[in-house]
Amino acid sequence: MNILIEITAPVFLVIGAGYLMVWRRIFTDSHIHGIMIYTQGFAIPCLLFAAILNMDLARTLRPALILSFYGGSTACFICGLAAARWWFKRSWEDSIAVGFAVLFSNTVLLGLPIVGRAYGGTALEATFALVALHAPYCYFVGITAMEMVRSESSGIRATIRQTGRVMFGNALMLGILLGFIFNLLDLPVPNIAHEALDMIAASALPAALFGLGGVIVRYRPEGDLRLILFIATTSLVLHPLISWILSAFIFALETDLVRSAVITAAMAPGINAYIFSSMYKRAQRVVAASVLLATGLSVFTASIWLWLMA
């Protein structure tokens, strides 16, 4: 158990430091906003570009690995949507926002550092492969579902255009796309540029974790508490459980790939879940509170999953 604490505690201590600095008003919201712009708009895209650039795509992008993780996330999206609609009696649009919250795990800010500290090597490479597909897939599912139920939707063409704008209109997607292009075409990157990328990438996750702590200060545990607990439980328990069954027992993947799929699936909903709910102005309080609660609970649940994977 001490080893598990050594793996997870530093990650959450950095988040806690960001939370404390903003809570005590040593850092302002504008300071945290600048940090998040740097990490989300520049440093993390550089990190993803560098990771995908050097990735052995044929070895890492295993269909069974992809199906294990995204089979679990898709099942949780359907489960979250159905429960919000028929159990919690929410509107269709609110229900899709809830479904998106359990669909979009915090693979970058929590998944990468925890898998990297715990396993490194092949497991971390597999996590990068999952991260590369994460935003495109989740936004495609969420936006398509939302636009289909909105009465003011102007049809399939407008849905496709809106999906494309959100998926490919941000720096994270650009970094992923360029990484695949450079990798597949075997385009050279000068050593000087490589070293600069490595320096930027090294700053990405620590700064982003600190910024995440500052961001969640503004969240409050408001809304339907039962629904908030449902979102947290689905994200932290059901998603990794399904991914474990698929990766270990259905597809019988290697241990490193199983660990990557399960631990990455065990992360709390990401900030993008709140961004999505804010974009459509649906279930914002519930989703924000779920991000806060699940991030806090993941200190313990991630340690349990790491123990199980041992």
# chains A, B, ... in the order shown; residues from 1 in each chain; ligands from 1
>>> residues_around(residues="Leu133 of chain A", least_positions_apart="2", cutoff="10 Å", atoms="only C-alpha atoms", output="PyMOL selection string")
chain A and resi 61+66+70+128-131+135-138+173+176
>>> residues_around(residues="Phe276 of chain A", least_positions_apart="2", cutoff="12 Å", atoms="only C-alpha atoms", output="MDAnalysis selection string")
chainID A and resid 93:94 96:101 103:104 135 138:143 146 163 166:167 269:274 278:284 287:288
>>> residues_around(residues="Arg226 of chain A", least_positions_apart="5", cutoff="10 Å", atoms="only C-alpha atoms", output="number ranges by chain")
A: 88, 231-232, 286
>>> write_last_selection(atoms="all heavy atoms", output="PDB file, in the first residue's frame")
ATOM      1  N   PHE A  88     -33.441   9.393 -13.227  1.00  0.00           N
ATOM      2  CA  PHE A  88     -33.399  10.713 -12.597  1.00  0.00           C
ATOM      3  C   PHE A  88     -34.338  11.718 -13.251  1.00  0.00           C
ATOM      4  O   PHE A  88     -34.396  12.875 -12.823  1.00  0.00           O
ATOM      5  CB  PHE A  88     -31.968  11.248 -12.598  1.00  0.00           C
ATOM      6  CG  PHE A  88     -31.016  10.434 -11.770  1.00  0.00           C
ATOM      7  CD1 PHE A  88     -30.152   9.523 -12.372  1.00  0.00           C
ATOM      8  CD2 PHE A  88     -30.992  10.548 -10.388  1.00  0.00           C
ATOM      9  CE1 PHE A  88     -29.274   8.762 -11.617  1.00  0.00           C
ATOM     10  CE2 PHE A  88     -30.121   9.792  -9.624  1.00  0.00           C
ATOM     11  CZ  PHE A  88     -29.265   8.885 -10.235  1.00  0.00           C
ATOM     12  N   ILE A 231     -22.638   9.549 -11.322  1.00  0.00           N
ATOM     13  CA  ILE A 231     -21.611   9.872 -12.317  1.00  0.00           C
ATOM     14  C   ILE A 231     -20.235   9.449 -11.804  1.00  0.00           C
ATOM     15  O   ILE A 231     -19.443   8.826 -12.534  1.00  0.00           O
ATOM     16  CB  ILE A 231     -21.627  11.376 -12.644  1.00  0.00           C
ATOM     17  CG1 ILE A 231     -22.927  11.746 -13.373  1.00  0.00           C
ATOM     18  CG2 ILE A 231     -20.414  11.765 -13.498  1.00  0.00           C
ATOM     19  CD1 ILE A 231     -23.126  13.244 -13.557  1.00  0.00           C
ATOM     20  N   ALA A 232     -19.942   9.777 -10.539  1.00  0.00           N
ATOM     21  CA  ALA A 232     -18.641   9.429  -9.976  1.00  0.00           C
ATOM     22  C   ALA A 232     -18.444   7.914  -9.934  1.00  0.00           C
ATOM     23  O   ALA A 232     -17.377   7.399 -10.306  1.00  0.00           O
ATOM     24  CB  ALA A 232     -18.508  10.021  -8.573  1.00  0.00           C
ATOM     25  N   VAL A 286     -24.393  19.974 -12.020  1.00  0.00           N
ATOM     26  CA  VAL A 286     -24.206  18.550 -11.719  1.00  0.00           C
ATOM     27  C   VAL A 286     -22.875  18.058 -12.257  1.00  0.00           C
ATOM     28  O   VAL A 286     -22.118  17.366 -11.566  1.00  0.00           O
ATOM     29  CB  VAL A 286     -25.370  17.733 -12.316  1.00  0.00           C
ATOM     30  CG1 VAL A 286     -25.034  16.241 -12.316  1.00  0.00           C
ATOM     31  CG2 VAL A 286     -26.649  17.971 -11.521  1.00  0.00           C
TER      32      VAL A 286
END
>>> atom_distance(atom1="atom CA of Thr233 of chain A", atom2="atom CA of His33 of chain A")
29.2 Å
>>> atom_distance(atom1="atom CA of Ala208 of chain A", atom2="atom CA of Leu297 of chain A")
19.1 Å
>>> select_by_dssp(residues="segment 83-293 of chain A", states="helix (DSSP H, G or I)", output="PyMOL selection string")
chain A and resi 83-87+92-103+107-118+121-149+156-168+171-184+191-218+225-250+255-265+271-280+284-293
>>> residues_around(residues="Arg218 of chain A", least_positions_apart="6", cutoff="12 Å", atoms="only C-alpha atoms", output="list in words")
Tyr19, Val22, Trp23, Thr28, Asp29, Ile32, Leu212, Arg285, Ala288, Ala289, Val291 and Leu292 of chain A
